[in-house]
file my_file_28.cif (mmCIF, C-alpha atoms (C1' of nucleotides))
data_protein
#
loop_
_atom_site.label_atom_id
_atom_site.label_comp_id
_atom_site.auth_asym_id
_atom_site.auth_seq_id
_atom_site.Cartn_x
_atom_site.Cartn_y
_atom_site.Cartn_z
CA MET U 1 0.00 0.00 0.00
CA ASN U 2 1.42 3.41 -1.02
CA ILE U 3 1.30 6.52 1.12
CA GLY U 4 -1.72 7.86 -0.74
CA ASP U 5 -3.79 4.81 0.16
CA ALA U 6 -2.55 4.90 3.74
CA ALA U 7 -3.56 8.56 3.88
CA ARG U 8 -7.05 7.86 2.55
CA LEU U 9 -7.60 4.89 4.88
CA SER U 10 -6.17 6.52 8.01
CA GLY U 11 -7.64 9.94 7.37
CA LEU U 12 -4.22 11.55 7.89
CA PRO U 13 -2.52 13.78 5.29
CA ALA U 14 0.43 12.16 3.53
CA LYS U 15 2.61 14.99 4.84
CA THR U 16 1.70 14.06 8.39
CA ILE U 17 2.40 10.38 7.76
CA ARG U 18 5.86 11.21 6.47
CA TYR U 19 6.41 13.41 9.49
CA TYR U 20 5.43 10.58 11.84
CA GLU U 21 7.96 8.37 10.14
CA ASP U 22 10.56 11.12 10.39
CA ILE U 23 10.19 11.29 14.17
CA GLY U 24 10.25 7.51 14.46
CA LEU U 25 6.63 6.63 15.22
CA LEU U 26 6.50 4.01 12.47
CA THR U 27 8.79 2.57 9.83
CA PRO U 28 7.08 1.41 6.66
CA LEU U 29 8.88 -0.84 4.19
CA ARG U 30 10.19 0.49 0.90
CA THR U 31 9.52 -0.93 -2.54
CA ALA U 32 12.21 -1.29 -5.18
CA ASN U 33 11.51 2.19 -6.57
CA GLY U 34 11.87 3.84 -3.15
CA TYR U 35 8.16 4.26 -2.47
CA ARG U 36 6.93 3.71 1.09
CA SER U 37 4.94 0.51 1.52
CA TYR U 38 2.43 0.30 4.38
CA ARG U 39 1.41 -2.98 6.02
CA ASP U 40 -1.78 -3.50 7.98
CA SER U 41 0.19 -3.01 11.18
CA ASP U 42 1.39 0.38 9.91
CA LEU U 43 -2.15 1.36 9.08
CA HIS U 44 -3.29 0.37 12.57
CA LYS U 45 -0.61 2.54 14.06
CA LEU U 46 -1.65 5.47 11.88
CA THR U 47 -5.29 5.09 12.87
CA PHE U 48 -4.28 4.85 16.51
CA LEU U 49 -2.17 7.98 16.15
CA GLY U 50 -4.96 9.87 14.44
CA ARG U 51 -7.38 9.06 17.24
CA ALA U 52 -4.93 9.76 20.02
CA ARG U 53 -4.09 13.13 18.45
CA ALA U 54 -7.80 13.91 18.09
CA LEU U 55 -8.07 13.35 21.83
CA GLY U 56 -5.38 15.96 22.26
CA PHE U 57 -2.48 13.76 23.37
CA THR U 58 0.93 15.21 22.53
CA ILE U 59 3.16 13.37 20.11
CA GLU U 60 5.34 12.17 22.99
CA ASP U 61 2.27 10.83 24.77
CA CYS U 62 1.32 9.11 21.53
CA ARG U 63 4.77 7.57 21.33
CA ALA U 64 4.40 6.19 24.86
CA LEU U 65 0.85 5.00 24.21
CA LEU U 66 1.90 3.24 21.00
CA ALA U 67 4.67 1.47 22.88
CA LEU U 68 2.24 0.38 25.58
CA TYR U 69 -0.25 -0.68 22.92
CA ALA U 70 2.40 -2.95 21.42
CA ASP U 71 3.53 -4.28 24.80
CA ARG U 72 1.44 -7.30 25.72
CA SER U 73 2.81 -7.30 29.24
CA ARG U 74 1.98 -3.67 29.98
CA ALA U 75 0.28 -2.54 33.16
CA SER U 76 -2.92 -0.61 32.43
CA ALA U 77 -1.97 1.65 35.34
CA GLU U 78 0.70 3.26 33.17
CA VAL U 79 -1.79 3.99 30.40
CA LYS U 80 -4.23 5.39 32.93
CA ARG U 81 -1.52 7.60 34.40
CA ILE U 82 -0.83 9.15 31.00
CA ALA U 83 -4.52 9.63 30.28
CA GLU U 84 -5.17 11.21 33.66
CA GLY U 85 -2.24 13.54 33.20
CA HIS U 86 -3.75 14.61 29.93
CA LEU U 87 -7.14 15.11 31.56
CA ASP U 88 -5.47 17.42 34.08
CA GLU U 89 -3.94 19.37 31.25
CA ILE U 90 -7.31 19.64 29.53
CA ALA U 91 -8.87 20.89 32.76
CA ARG U 92 -6.11 23.45 33.15
CA LYS U 93 -6.64 24.79 29.63
CA MET U 94 -10.40 24.91 30.07
CA ALA U 95 -10.02 26.89 33.30
CA GLU U 96 -7.68 29.30 31.56
CA LEU U 97 -10.13 29.79 28.70
CA ALA U 98 -13.04 30.18 31.10
CA ALA U 99 -11.18 32.94 32.95
CA MET U 100 -10.46 34.73 29.68
CA ARG U 101 -14.05 34.36 28.59
CA ALA U 102 -15.39 35.70 31.88
CA THR U 103 -13.29 38.87 31.74
CA LEU U 104 -13.80 39.41 28.04
CA THR U 105 -17.54 38.84 28.19
CA GLU U 106 -17.85 41.55 30.84
CA LEU U 107 -15.94 43.98 28.70
CA VAL U 108 -17.86 43.16 25.54
CA ASP U 109 -21.19 43.49 27.33
CA ALA U 110 -20.18 46.91 28.59
CA CYS U 111 -19.26 48.13 25.10
CA ALA U 112 -21.88 49.89 22.98
CA GLY U 113 -20.23 48.87 19.73
CA ASP U 114 -21.28 51.92 17.76
CA ASN U 115 -19.24 54.54 15.91
CA ARG U 116 -18.36 56.54 18.97
CA PRO U 117 -14.80 56.16 20.26
CA ASP U 118 -15.67 55.40 23.91
CA CYS U 119 -14.76 51.79 24.47
CA PRO U 120 -14.86 49.93 27.78
CA ILE U 121 -12.98 47.06 26.12
CA LEU U 122 -9.93 49.17 25.37
CA GLN U 123 -10.21 50.86 28.75
CA GLY U 124 -10.43 47.47 30.38
CA ILE U 125 -7.35 46.15 28.63
CA ALA U 126 -5.44 49.34 29.32
CA GLY U 127 -6.36 49.58 32.97
CA LEU U 128 -7.55 46.24 34.28
CA PRO U 129 -6.47 45.35 37.83
CA LYS U 130 -3.71 42.82 37.42
CA ALA U 131 -5.46 39.81 38.96
CA CYS U 132 -7.86 39.42 36.01
CA ALA U 133 -7.38 36.61 33.55
CA SER U 134 -3.97 35.75 34.85
CA GLY U 135 -2.77 32.35 33.74
CA MET O 136 14.21 53.65 31.29
CA ASN O 137 16.21 50.60 30.20
CA ILE O 138 14.68 47.33 29.07
CA GLY O 139 15.19 45.72 32.48
CA ASP O 140 13.07 48.38 34.16
CA ALA O 141 10.46 48.16 31.42
CA ALA O 142 10.39 44.41 31.96
CA ARG O 143 9.93 44.73 35.71
CA LEU O 144 7.24 47.37 35.39
CA SER O 145 5.31 45.70 32.59
CA GLY O 146 5.71 42.16 33.87
CA LEU O 147 6.96 41.01 30.46
CA PRO O 148 10.33 39.29 29.94
CA ALA O 149 12.96 41.42 28.23
CA LYS O 150 13.11 38.81 25.46
CA THR O 151 9.44 39.34 24.77
CA ILE O 152 9.81 43.11 24.75
CA ARG O 153 12.60 42.89 22.17
CA TYR O 154 10.45 40.55 20.14
CA TYR O 155 7.55 42.99 20.20
CA GLU O 156 9.87 45.67 18.91
CA ASP O 157 11.15 43.31 16.24
CA ILE O 158 7.66 42.77 14.85
CA GLY O 159 6.89 46.47 14.99
CA LEU O 160 4.53 46.75 17.94
CA LEU O 161 6.53 49.56 19.51
CA THR O 162 9.69 51.53 18.80
CA PRO O 163 11.59 52.71 21.86
CA LEU O 164 14.26 55.38 21.57
CA ARG O 165 17.95 54.53 21.80
CA THR O 166 20.50 56.13 24.07
CA ALA O 167 23.99 57.06 22.88
CA ASN O 168 25.38 53.66 23.85
CA GLY O 169 22.75 51.80 21.87
CA TYR O 170 20.56 50.81 24.80
CA ARG O 171 16.81 50.87 24.33
CA SER O 172 15.10 53.72 26.18
CA TYR O 173 11.43 53.35 27.12
CA ARG O 174 9.10 56.29 27.54
CA ASP O 175 5.88 56.20 29.55
CA SER O 176 3.98 55.72 26.32
CA ASP O 177 6.09 52.64 25.53
CA LEU O 178 5.41 51.26 28.97
CA HIS O 179 1.69 51.80 28.50
CA LYS O 180 1.84 49.88 25.26
CA LEU O 181 3.72 47.04 26.91
CA THR O 182 1.21 46.82 29.73
CA PHE O 183 -1.62 46.90 27.21
CA LEU O 184 0.04 44.13 25.24
CA GLY O 185 0.62 42.02 28.32
CA ARG O 186 -3.03 42.26 29.32
CA ALA O 187 -4.35 41.65 25.82
CA ARG O 188 -2.11 38.59 25.49
CA ALA O 189 -3.29 37.35 28.90
CA LEU O 190 -6.82 37.54 27.50
CA GLY O 191 -5.68 35.29 24.69
CA PHE O 192 -5.69 37.77 21.82
CA THR O 193 -3.28 36.89 19.03
CA ILE O 194 -0.40 39.20 18.28
CA GLU O 195 -2.18 40.42 15.17
CA ASP O 196 -5.30 41.18 17.20
CA CYS O 197 -3.05 43.03 19.63
CA ARG O 198 -1.59 45.04 16.79
CA ALA O 199 -5.08 46.04 15.66
CA LEU O 200 -6.21 46.79 19.21
CA LEU O 201 -3.14 48.94 19.85
CA ALA O 202 -3.86 50.92 16.69
CA LEU O 203 -7.46 51.42 17.75
CA TYR O 204 -6.31 52.36 21.24
CA ALA O 205 -4.14 55.08 19.73
CA ASP O 206 -6.85 56.25 17.32
CA ARG O 207 -8.99 58.88 19.02
CA SER O 208 -11.54 58.76 16.23
CA ARG O 209 -12.03 54.99 16.35
CA ALA O 210 -15.46 53.37 16.34
CA SER O 211 -15.93 51.11 19.36
CA ALA O 212 -17.80 48.74 17.02
CA GLU O 213 -14.49 47.71 15.49
CA VAL O 214 -13.01 46.91 18.88
CA LYS O 215 -16.11 44.98 19.81
CA ARG O 216 -15.97 43.03 16.57
CA ILE O 217 -12.42 41.89 17.33
CA ALA O 218 -13.30 40.97 20.90
CA GLU O 219 -16.38 39.03 19.83
CA GLY O 220 -14.39 37.16 17.23
CA HIS O 221 -11.97 36.20 19.94
CA LEU O 222 -14.83 35.11 22.21
CA ASP O 223 -16.03 32.85 19.40
CA GLU O 224 -12.59 31.36 19.13
CA ILE O 225 -12.49 30.78 22.88
CA ALA O 226 -15.89 29.07 22.74
CA ARG O 227 -14.69 26.87 19.89
CA LYS O 228 -11.61 25.80 21.81
CA MET O 229 -13.59 25.13 24.95
CA ALA O 230 -16.04 22.96 23.03
CA GLU O 231 -13.17 21.03 21.51
CA LEU O 232 -11.61 20.47 24.92
CA ALA O 233 -14.96 19.49 26.42
CA ALA O 234 -15.44 16.85 23.72
CA MET O 235 -11.98 15.44 24.37
CA ARG O 236 -12.59 15.41 28.07
CA ALA O 237 -15.93 13.63 27.70
CA THR O 238 -14.48 10.81 25.62
CA LEU O 239 -11.33 10.52 27.67
CA THR O 240 -13.14 10.55 30.99
CA GLU O 241 -15.27 7.62 29.85
CA LEU O 242 -12.20 5.65 28.90
CA VAL O 243 -10.33 6.47 32.08
CA ASP O 244 -13.33 5.53 34.22
CA ALA O 245 -13.54 2.18 32.46
CA CYS O 246 -9.88 1.39 33.11
CA ALA O 247 -8.90 -0.53 36.22
CA GLY O 248 -5.40 0.96 36.28
CA ASP O 249 -3.71 -2.03 37.85
CA ASN O 250 -0.83 -4.17 36.64
CA ARG O 251 -2.87 -6.29 34.31
CA PRO O 252 -2.55 -5.53 30.60
CA ASP O 253 -6.28 -5.20 29.79
CA CYS O 254 -6.88 -1.55 29.03
CA PRO O 255 -10.12 0.00 27.81
CA ILE O 256 -8.21 3.23 27.13
CA LEU O 257 -5.95 1.62 24.55
CA GLN O 258 -8.84 -0.37 23.16
CA GLY O 259 -10.86 2.80 22.91
CA ILE O 260 -8.13 4.69 21.07
CA ALA O 261 -7.49 1.74 18.78
CA GLY O 262 -11.12 1.05 17.95
CA LEU O 263 -13.21 4.08 18.73
CA PRO O 264 -16.04 4.80 16.28
CA LYS O 265 -14.81 7.70 14.23
CA ALA O 266 -17.35 10.30 15.35
CA CYS O 267 -15.83 10.59 18.83
CA ALA O 268 -13.82 13.66 19.76
CA SER O 269 -13.62 14.92 16.20
CA GLY O 270 -12.57 18.52 15.95
"C1'" DC Q 271 41.62 46.72 37.26
"C1'" DT Q 272 38.41 43.56 37.90
"C1'" DT Q 273 33.92 41.97 38.98
"C1'" DG Q 274 29.24 41.59 38.09
"C1'" DA Q 275 25.07 43.24 36.40
"C1'" DC Q 276 23.31 45.01 32.75
"C1'" DC Q 277 22.80 45.68 27.71
"C1'" DT Q 278 23.46 44.43 22.50
"C1'" DT Q 279 22.93 41.26 18.23
"C1'" DC Q 280 22.42 36.92 16.09
"C1'" DC Q 281 21.27 32.05 15.74
"C1'" DT Q 282 18.79 28.03 17.07
"C1'" DG Q 283 14.88 25.45 18.94
"C1'" DT Q 284 10.09 24.73 20.32
"C1'" DG Q 285 5.19 21.52 18.50
"C1'" DA Q 286 3.14 19.53 15.00
"C1'" DC Q 287 2.78 20.02 11.18
"C1'" DT Q 288 1.96 22.67 6.14
"C1'" DG Q 289 3.38 24.50 1.62
"C1'" DG Q 290 6.25 24.45 -2.08
"C1'" DA Q 291 10.22 23.53 -5.19
"C1'" DA Q 292 12.59 20.29 -7.86
"C1'" DC Q 293 12.83 15.95 -9.23
"C1'" DC Q 294 11.62 10.62 -10.23
"C1'" DC Q 295 8.28 6.73 -11.64
"C1'" DT Q 296 4.47 4.72 -14.17
"C1'" DC Q 297 0.90 4.37 -17.24
"C1'" DA Q 298 -1.91 5.93 -21.07
"C1'" DT Q 299 -2.27 8.35 -25.15
"C1'" DC Q 300 -0.87 10.55 -29.54
"C1'" DG Y 301 9.35 8.61 -28.99
"C1'" DA Y 302 7.17 12.60 -26.85
"C1'" DT Y 303 3.72 14.14 -23.73
"C1'" DG Y 304 0.73 14.65 -19.85
"C1'" DA Y 305 -1.55 13.19 -15.60
"C1'" DG Y 306 -1.14 11.54 -11.32
"C1'" DG Y 307 1.32 9.23 -8.23
"C1'" DG Y 308 5.78 9.27 -5.45
"C1'" DT Y 309 10.60 11.22 -3.37
"C1'" DT Y 310 13.72 14.70 -0.81
"C1'" DC Y 311 14.74 18.96 1.29
"C1'" DC Y 312 13.93 23.74 2.75
"C1'" DA Y 313 11.13 27.37 4.63
"C1'" DG Y 314 7.27 29.03 7.29
"C1'" DT Y 315 3.87 28.87 11.04
"C1'" DC Y 316 3.11 31.20 16.35
"C1'" DA Y 317 5.03 33.59 20.12
"C1'" DC Y 318 8.42 33.48 22.06
"C1'" DA Y 319 12.88 31.08 25.00
"C1'" DG Y 320 17.73 29.79 25.43
"C1'" DG Y 321 22.25 30.76 24.75
"C1'" DA Y 322 26.67 32.47 22.71
"C1'" DA Y 323 29.74 36.32 22.04
"C1'" DG Y 324 30.61 40.67 23.06
"C1'" DG Y 325 29.91 45.95 24.56
"C1'" DT Y 326 28.82 49.24 28.77
"C1'" DC Y 327 28.75 50.94 33.31
"C1'" DA Y 328 29.09 51.64 38.41
"C1'" DA Y 329 31.31 49.90 42.54
"C1'" DG Y 330 35.15 48.15 45.17
#

call {"tool": "encode", "arguments": {"input": "my_file_28.cif", "output": "structure tokens"}}
result
Amino acid sequence: MNIGDAARLSGLPAKTIRYYEDIGLLTPLRTANGYRSYRDSDLHKLTFLGRARALGFTIEDCRALLALYADRSRASAEVKRIAEGHLDEIARKMAELAAMRATLTELVDACAGDNRPDCPILQGIAGLPKACASG
Amino acid sequence: MNIGDAARLSGLPAKTIRYYEDIGLLTPLRTANGYRSYRDSDLHKLTFLGRARALGFTIEDCRALLALYADRSRASAEVKRIAEGHLDEIARKMAELAAMRATLTELVDACAGDNRPDCPILQGIAGLPKACASG
DNA sequence: CTTGACCTTCCTGTGACTGGAACCCTCATC
DNA sequence: GATGAGGGTTCCAGTCACAGGAAGGTCAAG
């Protein structure tokens, strides 16, 4: 299977698949003419990677998860540890965004949004007490 | 005022302040020895930038906001438009994170996390129906 | 005169790709 | 045999918003 087919079947761009090979996440065979040749196992890895990335795992997390996926003697605790760490990170980002949204919503609500120059948004950004939206 | 003082007073690292100059967000004076010299107006800009960045605005948004801040004949509608666009972006990111969290929380809850190899998390990533956590 | 804190510029690296140039391979068609 | 379409290959540059570090200039204090 060439990279184009692997791309179609995995849903990942060919560029991304080459990149994943470049950083050592998978190593497809090569045909006589130098083309990459993907086995079923490669395709499984690509699908796994696509889903893990869609869940927001970093590439390094994905690397660890792939290794655990391939390791029949793994402890699920290790997988869970990685996933929980990622959940913490997601929670942290959501809290950060929520804080931004809270402050910004206040400012936007206070702004008339007409063609006069008075603007509570600009005033807010220029003079906000420092505790707001820190992160 | 040298860059160190500007950094302390604005709360931004000196590296960041130099970068902002590099991309044309402000242009401090220079003393005879080549050191950057920050006026009050420069410091105001830096503080403005720090707060706008803390609210998650992109650098290009910041550039536009700074210009509007300096423009006495601005229409607040333009500022509001930028802020609302950013709020939309924040909402989009939060929704994306919430979807990831929902899927991942399910998987984590289903995983025993002991030293046996059975792992619903890995199974989930490997075989999830494609609709989950798309974004 | 040296020490140390400051400042300068320039180059590289980050994460996870994306775009593009320049080139090769294969097959079908004229 | 030339041509074109549609694959594939490598390598280089760019993204975003900085951070780290090297190599060197400047300045006040001891």

call {"tool": "residues_around", "arguments": {"input": "my_file_28.cif", "residues": "segment 23-27 of chain U", "least_positions_apart": "6", "cutoff": "12 Å", "atoms": "only C-alpha atoms (C1' of nucleotides)", "output": "list in words"}}
result
Thr16, Ile17, Arg36, Ser37, Tyr38, Arg39, Ser41, Asp42, Leu43, His44, Lys45, Leu46, Thr47, Phe48, Leu49, Ile59, Glu60, Asp61, Cys62, Arg63, Ala64, Leu65, Leu66 and Ala67 of chain U; DA286 and DC287 of chain Q

call {"tool": "interface_residues", "arguments": {"input": "my_file_28.cif", "of": "chain O", "to": "chain Y", "cutoff": "8 Å", "atoms": "only C-alpha atoms (C1' of nucleotides)", "output": "PyMOL selection string"}}
result
chain O and resi 150-151+154+168

call {"tool": "interface_residues", "arguments": {"input": "my_file_28.cif", "of": "chain Q", "to": "chain U", "cutoff": "12 Å", "atoms": "only C-alpha atoms (C1' of nucleotides)", "output": "list in words"}}
result
DG285, DA286, DC287, DT288, DG289, DC294, DC295 and DT296 of chain Q

call {"tool": "write_last_selection", "arguments": {"input": "my_file_28.cif", "atoms": "C-alpha atoms (C1' of nucleotides)", "output": "PDB file, keeping the file's coordinate frame"}}
result
ATOM      1  C1'  DG Q 285       5.190  21.520  18.500  1.00  0.00           C
ATOM      2  C1'  DA Q 286       3.140  19.530  15.000  1.00  0.00           C
ATOM      3  C1'  DC Q 287       2.780  20.020  11.180  1.00  0.00           C
ATOM      4  C1'  DT Q 288       1.960  22.670   6.140  1.00  0.00           C
ATOM      5  C1'  DG Q 289       3.380  24.500   1.620  1.00  0.00           C
ATOM      6  C1'  DC Q 294      11.620  10.620 -10.230  1.00  0.00           C
ATOM      7  C1'  DC Q 295       8.280   6.730 -11.640  1.00  0.00           C
ATOM      8  C1'  DT Q 296       4.470   4.720 -14.170  1.00  0.00           C
TER       9       DT Q 296
END

call {"tool": "interface_residues", "arguments": {"input": "my_file_28.cif", "of": "chain U", "to": "chain O", "cutoff": "7 Å", "atoms": "only C-alpha atoms", "output": "ChimeraX atom specification"}}
result
/U:48,51-52,54-56,69,72-77,80,83,87,90,94,97,100-101,108,111,113-119,122,125-126,133-135

call {"tool": "calpha_fit_and_write", "arguments": {"input": "my_file_28.cif", "fixed": "chain O", "moving": "chain U", "output": "compact mmCIF listing (two decimals) with C-alpha atoms, in the coordinates of the input"}}
result
# COMPACT_ATOMS: atom_id res chain seq x y z
CA MET U 1 14.25 53.68 31.26
CA ASN U 2 16.25 50.59 30.17
CA ILE U 3 14.72 47.32 29.05
CA GLY U 4 15.24 45.75 32.46
CA ASP U 5 13.12 48.40 34.15
CA ALA U 6 10.49 48.17 31.44
CA ALA U 7 10.42 44.41 31.97
CA ARG U 8 9.99 44.74 35.73
CA LEU U 9 7.27 47.40 35.42
CA SER U 10 5.33 45.72 32.61
CA GLY U 11 5.73 42.20 33.92
CA LEU U 12 6.98 41.03 30.50
CA PRO U 13 10.34 39.28 29.97
CA ALA U 14 12.97 41.43 28.27
CA LYS U 15 13.14 38.82 25.51
CA THR U 16 9.45 39.31 24.80
CA ILE U 17 9.82 43.09 24.77
CA ARG U 18 12.59 42.86 22.20
CA TYR U 19 10.44 40.50 20.17
CA TYR U 20 7.53 42.96 20.23
CA GLU U 21 9.85 45.63 18.92
CA ASP U 22 11.13 43.25 16.27
CA ILE U 23 7.63 42.71 14.89
CA GLY U 24 6.88 46.42 15.02
CA LEU U 25 4.51 46.74 17.97
CA LEU U 26 6.54 49.54 19.54
CA THR U 27 9.69 51.50 18.81
CA PRO U 28 11.61 52.68 21.85
CA LEU U 29 14.28 55.35 21.55
CA ARG U 30 17.96 54.50 21.75
CA THR U 31 20.53 56.10 24.00
CA ALA U 32 24.01 57.05 22.82
CA ASN U 33 25.41 53.64 23.78
CA GLY U 34 22.75 51.77 21.79
CA TYR U 35 20.59 50.79 24.75
CA ARG U 36 16.81 50.86 24.29
CA SER U 37 15.12 53.71 26.14
CA TYR U 38 11.46 53.34 27.10
CA ARG U 39 9.11 56.30 27.55
CA ASP U 40 5.90 56.21 29.55
CA SER U 41 3.98 55.72 26.33
CA ASP U 42 6.10 52.64 25.54
CA LEU U 43 5.43 51.27 28.98
CA HIS U 44 1.69 51.79 28.51
CA LYS U 45 1.83 49.89 25.28
CA LEU U 46 3.72 47.04 26.94
CA THR U 47 1.20 46.84 29.76
CA PHE U 48 -1.63 46.90 27.25
CA LEU U 49 0.03 44.13 25.27
CA GLY U 50 0.60 42.03 28.36
CA ARG U 51 -3.06 42.26 29.33
CA ALA U 52 -4.37 41.67 25.84
CA ARG U 53 -2.15 38.59 25.52
CA ALA U 54 -3.33 37.34 28.92
CA LEU U 55 -6.86 37.54 27.53
CA GLY U 56 -5.71 35.29 24.72
CA PHE U 57 -5.73 37.77 21.83
CA THR U 58 -3.30 36.87 19.05
CA ILE U 59 -0.43 39.19 18.30
CA GLU U 60 -2.21 40.43 15.17
CA ASP U 61 -5.31 41.18 17.22
CA CYS U 62 -3.08 43.03 19.66
CA ARG U 63 -1.61 45.03 16.81
CA ALA U 64 -5.10 46.05 15.67
CA LEU U 65 -6.23 46.79 19.22
CA LEU U 66 -3.16 48.95 19.87
CA ALA U 67 -3.87 50.91 16.71
CA LEU U 68 -7.47 51.43 17.76
CA TYR U 69 -6.34 52.36 21.25
CA ALA U 70 -4.16 55.09 19.76
CA ASP U 71 -6.86 56.27 17.35
CA ARG U 72 -9.00 58.89 19.05
CA SER U 73 -11.53 58.77 16.25
CA ARG U 74 -12.06 55.01 16.35
CA ALA U 75 -15.47 53.40 16.35
CA SER U 76 -15.95 51.12 19.36
CA ALA U 77 -17.82 48.77 17.02
CA GLU U 78 -14.50 47.73 15.48
CA VAL U 79 -13.02 46.90 18.88
CA LYS U 80 -16.15 44.97 19.80
CA ARG U 81 -15.97 43.04 16.54
CA ILE U 82 -12.43 41.89 17.32
CA ALA U 83 -13.34 40.98 20.89
CA GLU U 84 -16.41 39.04 19.82
CA GLY U 85 -14.41 37.18 17.22
CA HIS U 86 -12.01 36.19 19.94
CA LEU U 87 -14.87 35.10 22.19
CA ASP U 88 -16.06 32.83 19.38
CA GLU U 89 -12.61 31.36 19.12
CA ILE U 90 -12.51 30.78 22.87
CA ALA U 91 -15.90 29.06 22.70
CA ARG U 92 -14.69 26.87 19.86
CA LYS U 93 -11.61 25.78 21.79
CA MET U 94 -13.62 25.11 24.93
CA ALA U 95 -16.06 22.93 22.98
CA GLU U 96 -13.16 21.02 21.48
CA LEU U 97 -11.62 20.45 24.90
CA ALA U 98 -14.97 19.46 26.38
CA ALA U 99 -15.42 16.83 23.66
CA MET U 100 -11.96 15.44 24.34
CA ARG U 101 -12.60 15.41 28.05
CA ALA U 102 -15.93 13.63 27.66
CA THR U 103 -14.46 10.80 25.58
CA LEU U 104 -11.31 10.51 27.65
CA THR U 105 -13.15 10.55 30.96
CA GLU U 106 -15.27 7.61 29.82
CA LEU U 107 -12.21 5.65 28.88
CA VAL U 108 -10.34 6.47 32.07
CA ASP U 109 -13.34 5.54 34.20
CA ALA U 110 -13.55 2.19 32.45
CA CYS U 111 -9.88 1.41 33.10
CA ALA U 112 -8.90 -0.50 36.23
CA GLY U 113 -5.43 1.01 36.31
CA ASP U 114 -3.71 -1.98 37.87
CA ASN U 115 -0.82 -4.13 36.67
CA ARG U 116 -2.89 -6.24 34.34
CA PRO U 117 -2.53 -5.50 30.63
CA ASP U 118 -6.26 -5.17 29.83
CA CYS U 119 -6.86 -1.54 29.07
CA PRO U 120 -10.10 0.01 27.83
CA ILE U 121 -8.20 3.23 27.14
CA LEU U 122 -5.92 1.63 24.59
CA GLN U 123 -8.81 -0.36 23.18
CA GLY U 124 -10.82 2.81 22.93
CA ILE U 125 -8.11 4.68 21.08
CA ALA U 126 -7.45 1.74 18.81
CA GLY U 127 -11.07 1.06 17.97
CA LEU U 128 -13.21 4.09 18.72
CA PRO U 129 -16.02 4.81 16.24
CA LYS U 130 -14.79 7.72 14.18
CA ALA U 131 -17.34 10.32 15.30
CA CYS U 132 -15.81 10.63 18.79
CA ALA U 133 -13.80 13.68 19.70
CA SER U 134 -13.59 14.88 16.16
CA GLY U 135 -12.54 18.49 15.87

call {"tool": "atom_distance", "arguments": {"input": "my_file_28.cif", "atom1": "atom CA of Ala141 of chain O", "atom2": "atom C1' of DC277 of chain Q"}}
result
13.1 Å

call {"tool": "atom_distance", "arguments": {"input": "my_file_28.cif", "atom1": "atom C1' of DT299 of chain Q", "atom2": "atom CA of Asp5 of chain U"}}
result
25.6 Å

call {"tool": "atom_distance", "arguments": {"input": "my_file_28.cif", "atom1": "atom C1' of DA275 of chain Q", "atom2": "atom CA of Asn137 of chain O"}}
result
13.1 Å

call {"tool": "build_atoms", "arguments": {"input": "my_file_28.cif", "residues": "segment 72-83 of chain U", "atoms": "N, CA and C atoms", "output": "mmCIF file, keeping the file's coordinate frame"}}
result
data_model
loop_
_atom_site.group_PDB
_atom_site.id
_atom_site.type_symbol
_atom_site.label_atom_id
_atom_site.label_comp_id
_atom_site.auth_asym_id
_atom_site.auth_seq_id
_atom_site.Cartn_x
_atom_site.Cartn_y
_atom_site.Cartn_z
ATOM 1 N N ARG U 72 2.476 -6.402 25.181
ATOM 2 C CA ARG U 72 1.440 -7.300 25.720
ATOM 3 C C ARG U 72 1.519 -7.441 27.241
ATOM 4 N N SER U 73 2.656 -7.117 27.800
ATOM 5 C CA SER U 73 2.810 -7.300 29.240
ATOM 6 C C SER U 73 2.710 -5.963 29.991
ATOM 7 N N ARG U 74 2.110 -4.997 29.351
ATOM 8 C CA ARG U 74 1.980 -3.670 29.980
ATOM 9 C C ARG U 74 1.099 -3.760 31.231
ATOM 10 N N ALA U 75 1.229 -2.722 32.054
ATOM 11 C CA ALA U 75 0.280 -2.540 33.160
ATOM 12 C C ALA U 75 -0.669 -1.408 32.743
ATOM 13 N N SER U 76 -1.971 -1.639 32.862
ATOM 14 C CA SER U 76 -2.920 -0.610 32.430
ATOM 15 C C SER U 76 -2.764 0.657 33.285
ATOM 16 N N ALA U 77 -2.180 0.493 34.469
ATOM 17 C CA ALA U 77 -1.970 1.650 35.340
ATOM 18 C C ALA U 77 -1.137 2.732 34.639
ATOM 19 N N GLU U 78 -0.162 2.303 33.858
ATOM 20 C CA GLU U 78 0.700 3.260 33.170
ATOM 21 C C GLU U 78 -0.095 4.036 32.118
ATOM 22 N N VAL U 79 -0.932 3.333 31.392
ATOM 23 C CA VAL U 79 -1.790 3.990 30.400
ATOM 24 C C VAL U 79 -2.707 4.999 31.100
ATOM 25 N N LYS U 80 -3.294 4.527 32.203
ATOM 26 C CA LYS U 80 -4.230 5.390 32.930
ATOM 27 C C LYS U 80 -3.526 6.642 33.457
ATOM 28 N N ARG U 81 -2.289 6.463 33.886
ATOM 29 C CA ARG U 81 -1.520 7.600 34.400
ATOM 30 C C ARG U 81 -1.351 8.666 33.313
ATOM 31 N N ILE U 82 -1.001 8.219 32.115
ATOM 32 C CA ILE U 82 -0.830 9.150 31.000
ATOM 33 C C ILE U 82 -2.152 9.855 30.679
ATOM 34 N N ALA U 83 -3.210 9.064 30.628
ATOM 35 C CA ALA U 83 -4.520 9.630 30.280
ATOM 36 C C ALA U 83 -4.980 10.630 31.339
#
